[in-house]
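For reference, structure_20.txt (compact mmCIF, C-alpha atoms and all ligand atoms):
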# COMPACT_ATOMS: atom_id res chain seq x y z
CA MET W 30 11.39 -65.16 38.40
CA PRO W 31 12.57 -64.67 41.94
CA ASP W 32 15.68 -66.57 42.86
CA ASN W 33 14.31 -68.81 45.59
CA ALA W 34 17.74 -69.94 46.63
CA SER W 35 18.44 -66.47 47.95
CA VAL W 36 15.14 -66.14 49.83
CA PRO W 37 15.71 -66.90 53.49
CA GLN W 38 13.75 -69.99 54.49
CA LEU W 39 11.65 -69.86 57.62
CA SER W 40 12.46 -72.66 60.04
CA PRO W 41 9.77 -75.31 60.11
CA PRO W 42 7.46 -74.66 63.03
CA PHE W 43 8.36 -76.39 66.24
CA ASP W 44 6.82 -76.62 69.61
CA PRO W 45 9.35 -77.21 72.34
CA LEU W 46 6.64 -78.59 74.57
CA GLU W 47 5.74 -81.24 72.06
CA GLY W 48 9.24 -82.02 70.98
CA VAL W 49 8.73 -81.38 67.30
CA GLN W 50 11.83 -79.92 65.72
CA ALA W 51 13.27 -79.39 62.27
CA GLY W 52 14.67 -82.69 61.06
CA GLY W 53 13.19 -84.67 63.91
CA PRO W 54 10.03 -86.72 63.99
CA ALA W 55 7.02 -85.52 65.97
CA GLY W 56 7.18 -86.87 69.49
CA ALA W 57 10.97 -87.30 69.34
CA ILE W 58 12.97 -86.84 72.52
CA PRO W 59 14.57 -83.45 71.86
CA PHE W 60 17.99 -83.33 73.49
CA VAL W 61 18.10 -80.04 71.64
CA TYR W 62 16.70 -77.31 73.80
CA GLY W 63 18.71 -75.46 76.40
CA HIS W 64 15.38 -74.00 77.50
CA PRO W 65 14.37 -73.66 81.12
CA ASP W 66 11.96 -76.30 82.36
CA PRO W 67 8.45 -74.97 81.61
CA ASP W 68 7.13 -76.52 84.84
CA LEU W 69 9.37 -74.16 86.79
CA LEU W 70 8.05 -70.94 85.29
CA PRO W 71 6.41 -69.03 88.17
CA VAL W 72 3.23 -68.17 86.30
CA GLU W 73 1.07 -67.29 89.33
CA LYS W 74 3.72 -65.04 90.83
CA ILE W 75 4.26 -63.29 87.49
CA ILE W 76 0.51 -62.64 87.38
CA ALA W 77 0.69 -61.17 90.89
CA ALA W 78 3.76 -59.08 90.03
CA THR W 79 2.05 -57.80 86.86
CA GLU W 80 -0.99 -56.79 88.85
CA ARG W 81 1.16 -55.05 91.42
CA ALA W 82 3.19 -53.21 88.75
CA LEU W 83 0.05 -52.04 86.97
CA ARG W 84 -1.86 -51.03 90.10
CA THR W 85 1.00 -49.14 91.71
CA ARG W 86 2.85 -47.68 88.71
CA GLY W 87 0.67 -48.49 85.73
CA ARG W 88 1.08 -45.16 83.96
CA LEU W 89 4.86 -45.36 84.21
CA ALA W 90 5.04 -49.04 83.32
CA LEU W 91 3.07 -48.55 80.11
CA GLN W 92 5.07 -45.53 78.95
CA TYR W 93 8.45 -45.25 77.18
CA GLY W 94 11.14 -45.53 79.84
CA PRO W 95 14.67 -44.22 80.32
CA GLU W 96 17.25 -45.67 77.90
CA GLN W 97 19.23 -47.15 80.76
CA GLY W 98 16.23 -49.06 82.04
CA TYR W 99 13.87 -48.88 84.99
CA GLY W 100 15.85 -47.46 87.96
CA PRO W 101 14.46 -49.60 90.82
CA LEU W 102 15.26 -52.77 88.87
CA LEU W 103 18.80 -51.51 88.24
CA ASP W 104 19.09 -50.87 91.99
CA TYR W 105 17.84 -54.36 92.74
CA LEU W 106 20.51 -55.83 90.41
CA ILE W 107 23.22 -53.67 91.97
CA GLY W 108 22.19 -55.05 95.38
CA LYS W 109 22.12 -58.62 94.06
CA VAL W 110 25.64 -58.38 92.65
CA GLU W 111 26.89 -57.03 95.97
CA ARG W 112 25.08 -59.69 98.04
CA ASP W 113 26.11 -62.61 95.83
CA GLU W 114 29.62 -61.61 94.84
CA GLY W 115 30.66 -58.83 97.20
CA LEU W 116 31.08 -56.70 94.07
CA ARG W 117 30.15 -53.04 94.26
CA ILE W 118 28.90 -51.38 91.12
CA ALA W 119 27.11 -48.08 90.61
CA ARG W 120 24.11 -47.05 88.54
CA ALA W 121 26.57 -45.74 85.95
CA ASN W 122 27.83 -49.32 85.45
CA ILE W 123 24.60 -51.00 84.51
CA MET W 124 21.71 -50.91 82.06
CA LEU W 125 18.91 -53.22 80.98
CA CYS W 126 18.72 -54.87 77.57
CA ALA W 127 16.32 -57.25 75.83
CA GLY W 128 18.20 -60.36 76.94
CA ALA W 129 21.90 -61.17 76.81
CA ALA W 130 21.41 -61.78 73.09
CA GLN W 131 20.68 -58.10 72.54
CA GLY W 132 23.64 -57.19 74.76
CA LEU W 133 25.98 -59.20 72.53
CA ASP W 134 24.50 -57.79 69.35
CA THR W 135 24.89 -54.28 70.76
CA ALA W 136 28.53 -54.92 71.69
CA ALA W 137 29.17 -56.16 68.16
CA ARG W 138 27.39 -53.16 66.64
CA LEU W 139 29.22 -50.55 68.70
CA PHE W 140 32.64 -52.08 69.29
CA THR W 141 33.61 -53.62 65.97
CA ARG W 142 34.62 -52.18 62.63
CA PRO W 143 34.22 -53.97 59.32
CA GLY W 144 37.02 -56.48 58.86
CA ASP W 145 37.82 -56.81 62.56
CA VAL W 146 38.50 -60.16 64.14
CA VAL W 147 36.18 -61.31 66.92
CA LEU W 148 37.48 -64.20 68.97
CA VAL W 149 35.21 -66.91 70.35
CA GLU W 150 35.77 -70.07 72.33
CA ALA W 151 35.86 -73.40 70.51
CA PRO W 152 33.21 -74.53 71.18
CA SER W 153 30.90 -71.59 71.89
CA TYR W 154 27.15 -70.92 72.06
CA HIS W 155 25.86 -71.42 68.49
CA GLU W 156 23.27 -68.62 68.67
CA ALA W 157 25.97 -66.18 69.77
CA ILE W 158 28.09 -67.28 66.81
CA ALA W 159 25.07 -66.64 64.57
CA THR W 160 24.60 -63.16 66.10
CA LEU W 161 28.26 -62.30 65.54
CA ARG W 162 28.04 -63.56 61.95
CA ASP W 163 25.42 -60.88 61.31
CA HIS W 164 28.22 -58.32 61.58
CA PRO W 165 30.97 -57.73 59.04
CA VAL W 166 33.67 -59.31 61.20
CA GLU W 167 35.80 -62.41 60.93
CA LEU W 168 35.36 -65.03 63.66
CA ARG W 169 38.43 -66.82 64.95
CA GLN W 170 38.31 -69.48 67.60
CA VAL W 171 40.41 -70.28 70.64
CA PRO W 172 40.33 -73.78 72.17
CA ILE W 173 39.01 -74.67 75.61
CA ASP W 174 39.91 -77.68 77.76
CA GLY W 175 38.56 -79.00 81.07
CA GLN W 176 39.61 -75.74 82.78
CA GLY W 177 38.07 -73.44 80.20
CA LEU W 178 39.77 -71.18 77.67
CA VAL W 179 43.41 -72.08 77.00
CA VAL W 180 44.95 -68.70 77.70
CA GLU W 181 48.33 -69.57 76.12
CA ALA W 182 46.52 -70.45 72.91
CA LEU W 183 44.78 -67.07 73.02
CA ALA W 184 48.15 -65.34 73.55
CA LYS W 185 49.54 -67.12 70.47
CA ARG W 186 46.51 -66.28 68.40
CA LEU W 187 46.69 -62.61 69.40
CA GLU W 188 50.37 -62.51 68.57
CA ALA W 189 49.86 -64.12 65.17
CA LEU W 190 46.95 -61.84 64.31
CA SER W 191 48.76 -58.68 65.35
CA LEU W 192 51.81 -59.69 63.30
CA ILE W 193 49.65 -59.66 60.20
CA GLY W 194 48.11 -56.34 61.23
CA ARG W 195 44.64 -57.56 62.15
CA ARG W 196 42.52 -55.54 64.58
CA MET W 197 40.92 -57.65 67.30
CA ALA W 198 37.60 -56.18 68.41
CA PHE W 199 36.90 -58.44 71.37
CA LEU W 200 36.82 -61.94 72.80
CA TYR W 201 33.33 -63.32 73.44
CA ILE W 202 33.58 -65.78 76.32
CA ILE W 203 31.17 -67.75 78.54
CA PRO W 204 33.44 -68.36 81.51
CA THR W 205 30.87 -69.91 83.85
CA PHE W 206 29.01 -73.20 83.19
CA GLN W 207 29.66 -72.78 79.51
CA ASN W 208 27.17 -73.45 76.76
CA PRO W 209 27.73 -76.01 75.18
CA ALA W 210 30.53 -77.67 77.17
CA GLY W 211 29.34 -77.11 80.76
CA ILE W 212 32.89 -76.05 81.70
CA THR W 213 33.90 -73.21 84.03
CA LEU W 214 37.01 -71.13 83.50
CA ALA W 215 39.37 -71.84 86.44
CA ALA W 216 40.18 -68.97 88.81
CA GLU W 217 43.88 -68.80 87.84
CA ARG W 218 43.00 -68.75 84.18
CA ARG W 219 40.60 -65.88 84.78
CA GLU W 220 43.46 -63.90 86.29
CA ALA W 221 45.77 -64.80 83.42
CA LEU W 222 43.12 -63.91 80.84
CA VAL W 223 42.37 -60.53 82.38
CA GLU W 224 46.09 -59.76 82.56
CA LEU W 225 46.66 -60.75 78.93
CA ALA W 226 43.63 -58.77 77.76
CA ALA W 227 44.81 -55.67 79.61
CA GLU W 228 48.33 -56.02 78.14
CA ARG W 229 46.95 -56.39 74.63
CA GLY W 230 44.10 -53.90 74.97
CA LEU W 231 41.63 -56.67 74.12
CA LEU W 232 38.02 -56.01 75.12
CA LEU W 233 36.31 -58.98 76.82
CA VAL W 234 32.60 -59.66 76.38
CA GLU W 235 31.74 -61.90 79.34
CA ASP W 236 28.47 -63.82 78.94
CA ASP W 237 27.52 -64.75 82.50
CA VAL W 238 23.93 -65.93 82.15
CA TYR W 239 24.42 -69.22 84.06
CA ARG W 240 26.24 -67.83 87.12
CA ASP W 241 23.28 -68.35 89.46
CA ILE W 242 22.64 -71.94 88.37
CA CYS W 243 25.44 -73.26 90.56
CA PHE W 244 25.12 -76.80 91.98
CA GLU W 245 28.22 -76.98 94.13
CA GLY W 246 31.20 -74.91 95.16
CA ARG W 247 31.54 -71.21 94.50
CA VAL W 248 31.67 -69.51 91.16
CA PRO W 249 35.04 -67.78 90.69
CA PRO W 250 35.00 -63.97 90.47
CA SER W 251 33.78 -62.54 87.21
CA LEU W 252 36.22 -61.22 84.62
CA PHE W 253 34.58 -57.83 85.17
CA GLU W 254 35.51 -57.91 88.85
CA LEU W 255 39.05 -59.19 88.23
CA ALA W 256 39.62 -56.46 85.67
CA GLY W 257 38.58 -53.81 88.18
CA GLY W 258 35.58 -52.98 86.02
CA ARG W 259 37.66 -51.90 82.99
CA GLY W 260 37.76 -53.48 79.56
CA VAL W 261 34.97 -55.98 80.20
CA ILE W 262 31.34 -55.94 79.07
CA ARG W 263 29.47 -58.42 81.23
CA LEU W 264 26.07 -59.76 80.19
CA GLY W 265 23.42 -61.06 82.57
CA SER W 266 19.89 -62.33 81.99
CA PHE W 267 16.58 -63.15 83.62
CA SER W 268 16.12 -65.91 81.02
CA LYS W 269 17.66 -68.72 83.04
CA ILE W 270 16.66 -67.55 86.52
CA LEU W 271 13.12 -66.32 85.93
CA ALA W 272 11.65 -66.66 82.43
CA ALA W 273 13.19 -66.57 78.96
CA GLY W 274 9.99 -65.11 77.48
CA LEU W 275 10.50 -61.89 79.43
CA ARG W 276 13.38 -61.02 77.06
CA LEU W 277 15.13 -59.05 79.76
CA GLY W 278 18.80 -58.98 80.64
CA TRP W 279 21.42 -56.48 81.70
CA ILE W 280 24.82 -55.14 80.74
CA VAL W 281 27.49 -54.29 83.30
CA ALA W 282 30.46 -52.28 82.07
CA GLU W 283 32.51 -49.19 82.73
CA PRO W 284 30.46 -45.96 82.77
CA GLU W 285 31.82 -44.76 79.39
CA VAL W 286 30.65 -47.97 77.71
CA ILE W 287 27.21 -47.80 79.33
CA GLN W 288 26.94 -44.14 78.34
CA ARG W 289 27.87 -44.96 74.77
CA ILE W 290 25.24 -47.67 74.55
CA VAL W 291 22.67 -45.38 76.17
CA ASN W 292 23.50 -42.62 73.70
CA CYS W 293 23.35 -44.90 70.67
CA GLY W 294 20.28 -46.74 71.91
CA LEU W 295 19.51 -50.43 71.92
CA LYS W 296 18.44 -51.40 68.44
CA GLY W 297 14.66 -51.67 68.36
CA ASN W 298 14.36 -50.61 71.99
CA GLU W 299 14.11 -46.86 71.98
CA GLY W 300 12.66 -45.91 75.36
CA GLY W 301 14.70 -48.55 77.19
CA ALA W 302 14.54 -52.32 77.10
CA ASN W 303 10.98 -53.57 77.59
CA PRO W 304 9.87 -51.05 80.26
CA PHE W 305 6.66 -52.88 81.09
CA VAL W 306 8.45 -56.18 81.62
CA ALA W 307 11.09 -54.38 83.69
CA HIS W 308 8.33 -53.07 85.99
CA VAL W 309 6.87 -56.57 86.37
CA VAL W 310 10.28 -58.08 87.12
CA ALA W 311 11.03 -55.28 89.59
CA ALA W 312 7.77 -56.02 91.42
CA PHE W 313 8.65 -59.75 91.48
CA CYS W 314 12.10 -59.05 92.90
CA GLN W 315 10.91 -56.45 95.39
CA GLU W 316 8.48 -59.01 96.84
CA GLY W 317 11.57 -61.09 97.70
CA TRP W 318 10.51 -63.86 95.31
CA LEU W 319 13.61 -64.15 93.13
CA GLU W 320 16.06 -65.63 95.68
CA PRO W 321 13.84 -68.55 96.78
CA HIS W 322 12.93 -69.13 93.14
CA ILE W 323 16.60 -69.42 92.17
CA ALA W 324 17.20 -71.79 95.11
CA ARG W 325 14.37 -73.99 93.82
CA LEU W 326 15.76 -73.94 90.28
CA VAL W 327 19.23 -74.89 91.47
CA ALA W 328 17.91 -77.86 93.49
CA HIS W 329 15.79 -78.98 90.55
CA TYR W 330 18.47 -78.67 87.87
CA ARG W 331 21.02 -80.36 90.15
CA THR W 332 18.72 -83.38 90.34
CA ARG W 333 18.32 -83.30 86.56
CA ARG W 334 22.07 -83.09 86.05
CA ASP W 335 22.59 -86.03 88.40
CA ALA W 336 19.94 -88.04 86.56
CA LEU W 337 21.60 -87.40 83.20
CA LEU W 338 25.07 -88.25 84.53
CA ALA W 339 23.71 -91.43 86.14
CA ALA W 340 22.04 -92.47 82.86
CA LEU W 341 25.24 -91.84 80.91
CA GLY W 342 27.26 -93.83 83.48
CA ARG W 343 24.78 -96.70 83.27
CA GLU W 344 24.33 -96.87 79.52
CA MET W 345 27.30 -95.55 77.58
CA PRO W 346 29.92 -97.99 76.27
CA ASP W 347 33.61 -97.67 77.11
CA GLY W 348 35.42 -94.94 75.27
CA VAL W 349 32.57 -92.41 75.43
CA ARG W 350 33.46 -89.43 77.66
CA TRP W 351 31.43 -86.52 78.98
CA THR W 352 31.82 -83.44 81.15
CA ARG W 353 30.46 -83.19 84.69
CA PRO W 354 29.21 -79.60 84.96
CA SER W 355 28.94 -78.02 88.39
CA GLY W 356 26.25 -75.67 87.13
CA GLY W 357 24.32 -74.50 84.08
CA PHE W 358 22.28 -76.62 81.69
CA PHE W 359 24.66 -78.72 79.56
CA VAL W 360 26.73 -81.89 79.35
CA TRP W 361 29.19 -82.23 76.47
CA LEU W 362 29.78 -85.74 75.25
CA THR W 363 32.76 -86.96 73.22
CA LEU W 364 32.52 -90.08 71.07
CA PRO W 365 35.50 -92.38 70.63
CA GLU W 366 37.39 -92.27 67.32
CA PRO W 367 36.32 -92.70 64.58
CA LEU W 368 32.61 -92.17 65.37
CA GLU W 369 31.04 -88.96 64.13
CA ALA W 370 28.14 -87.16 65.83
CA GLU W 371 26.34 -86.55 62.51
CA ALA W 372 26.34 -90.29 61.75
CA VAL W 373 24.96 -91.02 65.23
CA LEU W 374 22.34 -88.30 64.75
CA ALA W 375 21.12 -89.82 61.47
CA VAL W 376 20.32 -93.15 63.12
CA ALA W 377 19.18 -91.64 66.44
CA THR W 378 16.67 -89.44 64.58
CA GLU W 379 15.12 -92.51 62.99
CA ARG W 380 14.84 -93.96 66.47
CA GLY W 381 13.18 -90.84 67.87
CA VAL W 382 16.02 -89.03 69.61
CA ILE W 383 17.48 -85.76 68.33
CA PHE W 384 20.38 -83.65 69.56
CA THR W 385 22.58 -80.84 68.33
CA PRO W 386 25.85 -82.18 66.93
CA GLY W 387 29.04 -80.57 68.20
CA ALA W 388 30.22 -79.00 64.94
CA ARG W 389 27.40 -76.42 65.19
CA PHE W 390 29.22 -74.85 68.13
CA PHE W 391 32.43 -74.10 66.26
CA ALA W 392 32.86 -70.81 64.46
CA GLN W 393 35.59 -72.03 62.10
CA ALA W 394 34.01 -75.09 60.54
CA SER W 395 37.11 -75.67 58.40
CA GLU W 396 39.09 -76.63 61.52
CA GLY W 397 36.78 -79.61 61.93
CA GLY W 398 36.04 -79.17 65.65
CA GLY W 399 33.11 -80.87 67.35
CA ARG W 400 32.76 -83.73 64.87
CA ARG W 401 32.82 -86.23 67.71
CA ASN W 402 30.73 -84.17 70.17
CA LEU W 403 27.08 -84.09 71.24
CA ARG W 404 25.56 -81.36 73.39
CA LEU W 405 23.12 -82.84 75.92
CA PRO W 406 21.04 -80.25 77.81
CA PHE W 407 19.43 -81.48 81.04
CA SER W 408 17.30 -78.39 81.75
CA PHE W 409 14.31 -79.16 79.61
CA LEU W 410 13.65 -82.91 79.48
CA SER W 411 12.13 -84.99 82.26
CA GLU W 412 14.29 -87.62 83.97
CA ALA W 413 12.30 -90.35 82.23
CA GLN W 414 12.85 -88.75 78.80
CA MET W 415 16.57 -88.33 79.48
CA ALA W 416 16.88 -91.97 80.61
CA GLU W 417 15.10 -93.19 77.49
CA GLY W 418 17.02 -90.81 75.22
CA VAL W 419 20.39 -91.86 76.65
CA ARG W 420 19.48 -95.55 76.36
CA THR W 421 18.70 -95.08 72.68
CA LEU W 422 21.82 -93.02 72.02
CA ALA W 423 23.96 -95.64 73.77
CA GLU W 424 22.41 -98.41 71.63
CA VAL W 425 23.11 -96.43 68.46
CA ILE W 426 26.68 -95.72 69.54
CA ARG W 427 27.29 -99.35 70.53
CA ALA W 428 25.97 -100.58 67.19
CA LYS W 429 28.17 -98.13 65.29
CA LEU W 430 31.22 -99.14 67.34
CA LYS W 431 30.51 -102.79 66.52
CA ILE W 432 30.39 -102.03 62.79
CA GLN W 433 33.66 -100.11 63.06
CA SER W 434 35.44 -102.88 64.93
CA SER W 435 34.24 -105.54 62.51
CA LYS W 436 35.47 -103.37 59.61
CA PHE W 437 38.79 -103.04 61.39
CA LYS W 438 39.09 -106.83 61.88
CA ALA W 439 38.09 -107.58 58.27
C1 LIG X 1 25.54 -68.62 76.84
C2 LIG X 1 24.21 -68.01 76.58
N1 LIG X 1 24.12 -66.69 76.41
C3 LIG X 1 22.94 -66.10 76.16
C4 LIG X 1 21.79 -66.84 76.06
C5 LIG X 1 20.51 -66.14 75.73
O1 LIG X 1 20.20 -65.25 76.75
P1 LIG X 1 18.95 -64.29 76.60
O2 LIG X 1 17.73 -65.14 76.62
O3 LIG X 1 19.08 -63.42 77.81
O4 LIG X 1 19.11 -63.54 75.34
C6 LIG X 1 21.83 -68.22 76.21
C7 LIG X 1 20.60 -69.02 76.06
O5 LIG X 1 20.63 -70.20 75.86
C8 LIG X 1 23.07 -68.81 76.47
O6 LIG X 1 23.18 -70.13 76.60
Please rewrite the model in this file as structure tokens.
Amino acid sequence: MPDNASVPQLSPPFDPLEGVQAGGPAGAIPFVYGHPDPDLLPVEKIIAATERALRTRGRLALQYGPEQGYGPLLDYLIGKVERDEGLRIARANIMLCAGAAQGLDTAARLFTRPGDVVLVEAPSYHEAIATLRDHPVELRQVPIDGQGLVVEALAKRLEALSLIGRRMAFLYIIPTFQNPAGITLAAERREALVELAAERGLLLVEDDVYRDICFEGRVPPSLFELAGGRGVIRLGSFSKILAAGLRLGWIVAEPEVIQRIVNCGLKGNEGGANPFVAHVVAAFCQEGWLEPHIARLVAHYRTRRDALLAALGREMPDGVRWTRPSGGFFVWLTLPEPLEAEAVLAVATERGVIFTPGARFFAQASEGGGRRNLRLPFSFLSEAQMAEGVRTLAEVIRAKLKIQSSKFKA
């Protein structure tokens, strides 16, 4: 008899457009997905770019490509980084990959040894935590506050780990418009982090997929730039700025790192990351369509963020706090003591609203982080859905607070 307990279970089917998700009723308001808004996917322009790619370079586009990725798209990205950030990189610094997710998996495959420690923020992106857990490493977390990673806490953690002889492979960090907390690492902290990492010889894996989704102000320089291009692997993606289904991203790093990845290959992507898609994206970008598209996304997501913040301000009872992200897709909500997100989720689910509770974003569950947190993405739901979802959540939270206070009085 097969041991069913050890057979991996497939997730129940879900359709993000219908809002049907594991554990949630059909038709529920899914405050779950950090997906781009499907109405903003530039379908017609992708059709035109596909036609152009096939008509002009069809025989190249449909062939295996170079491991580093399609050259004209790399050149476009090099130009974009220089235009947006004033940062000059060379062809030797960049390669394509099948999304930032593959970039992280590749970093873990090539730059860890069994038993190494990999450091992650607390909280961090849950899918990245899952990717890292696929490798024989131990995850340790470092707290963040309103300014991002607490660099002194990282220094202490590094000290403690090195005293017991542990090898630290790298720190995985989302310094800009973080998923799940919506927080951006302050400029001074970036400097301090890069200095500490250089002193300790700690590799930084910088996940920068939300950099372009900036609603106000300027994004501080990347860790890659501050480190002078050494000791940092920076991940970018077309998922948030063009279409997640393309599965196309890029890695920026020092030439030796790029060369090593090129030599070892991207797992499952011999012949370069998705050459056909890279040709289509190159055609899209060469038409000059990406910049106005990003400007449209930013305006749209800013309105969505404002709508979510306004709904929270209107509906939530005293004692509930939340972040005010200046970019990205997420608001991070903190419940007052002693409310727990899982308890709120249980009732909210019955009432047709689902969300991802905060504990899922912590790599060291035993430390108990995130118990009072909810991640609320504003990228995917309509303003009306968010308003209704927040109203329901606020009612559930208010009811639970009432029960708590009557228990306390009794
Ligand atoms: C922080 C972060 N990194 C990476 C990804 C995934 O990027 P990609 O689609 O390029 O693999 C996401 C998607 O939600 C994300 O939030």
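One distance worth recording is that between CA of Pro101 (chain W) and CA of Gly301 (chain W), which is 13.7 Å.
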Throw together the list of residues within 8 Å of ligand LIG 1 (chain X), counting only C-alpha atoms and all ligand atoms, and drop it here as a PyMOL selection string. chain W and resi 63-64+127-132+153-154+156-157+203+207-209+236-239+265-269+273-274+276-278
Radius query 12 Å about (40.5, -63.5, 75.7), atoms used: only C-alpha atoms, as a PyMOL selection string: chain W and resi 147-150+169-173+177-187+197-204+214+218-235+252+260-261
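Considering the residues W:Ala256, W:Leu161, W:Val248, W:Ala394 and counting only C-alpha atoms, Glu283 (chain W) has its shortest atom-to-atom contact with W:Ala256.
Minimum atom-to-atom distances from W:Leu410, W:Asp68, W:Thr363, W:Ala392 to Glu167 (chain W) were compared using only C-alpha atoms, and the lowest value belongs to W:Ala392.
Across W:Arg142, W:Asp66, W:Leu271, W:Phe206, the tightest approach to Glu320 (chain W) is made by W:Leu271 when counting all atoms listed in the file.
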A straight line from CA of Gly387 (chain W) to CA of Ala151 (chain W) spans 10.2 Å
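Of the residues under consideration (W:Leu337, W:Ile75, W:Ala57, W:Ala388), W:Ile75 shows the shortest atom-to-atom contact distance to Leu319 (chain W) when counting all atoms listed in the file.
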What's the 12 Å shell around Asp104 (chain W), counting all atoms listed in the file, without same-chain residues fewer than 6 positions away, as an NGL selection string? :W and (97-98 or 110-111 or 117-125 or 279 or 311 or 314-315)
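Counting all atoms listed in the file, the residue from W:Gly348, W:Gly397, W:Pro304, W:Gly294 that sits nearest to Gly100 (chain W) is W:Pro304.
Minimum atom-to-atom distances from W:Glu299, W:Asp145, W:Glu245, W:Glu366 to Cys126 (chain W) were compared using all atoms listed in the file, and the lowest value belongs to W:Glu299.
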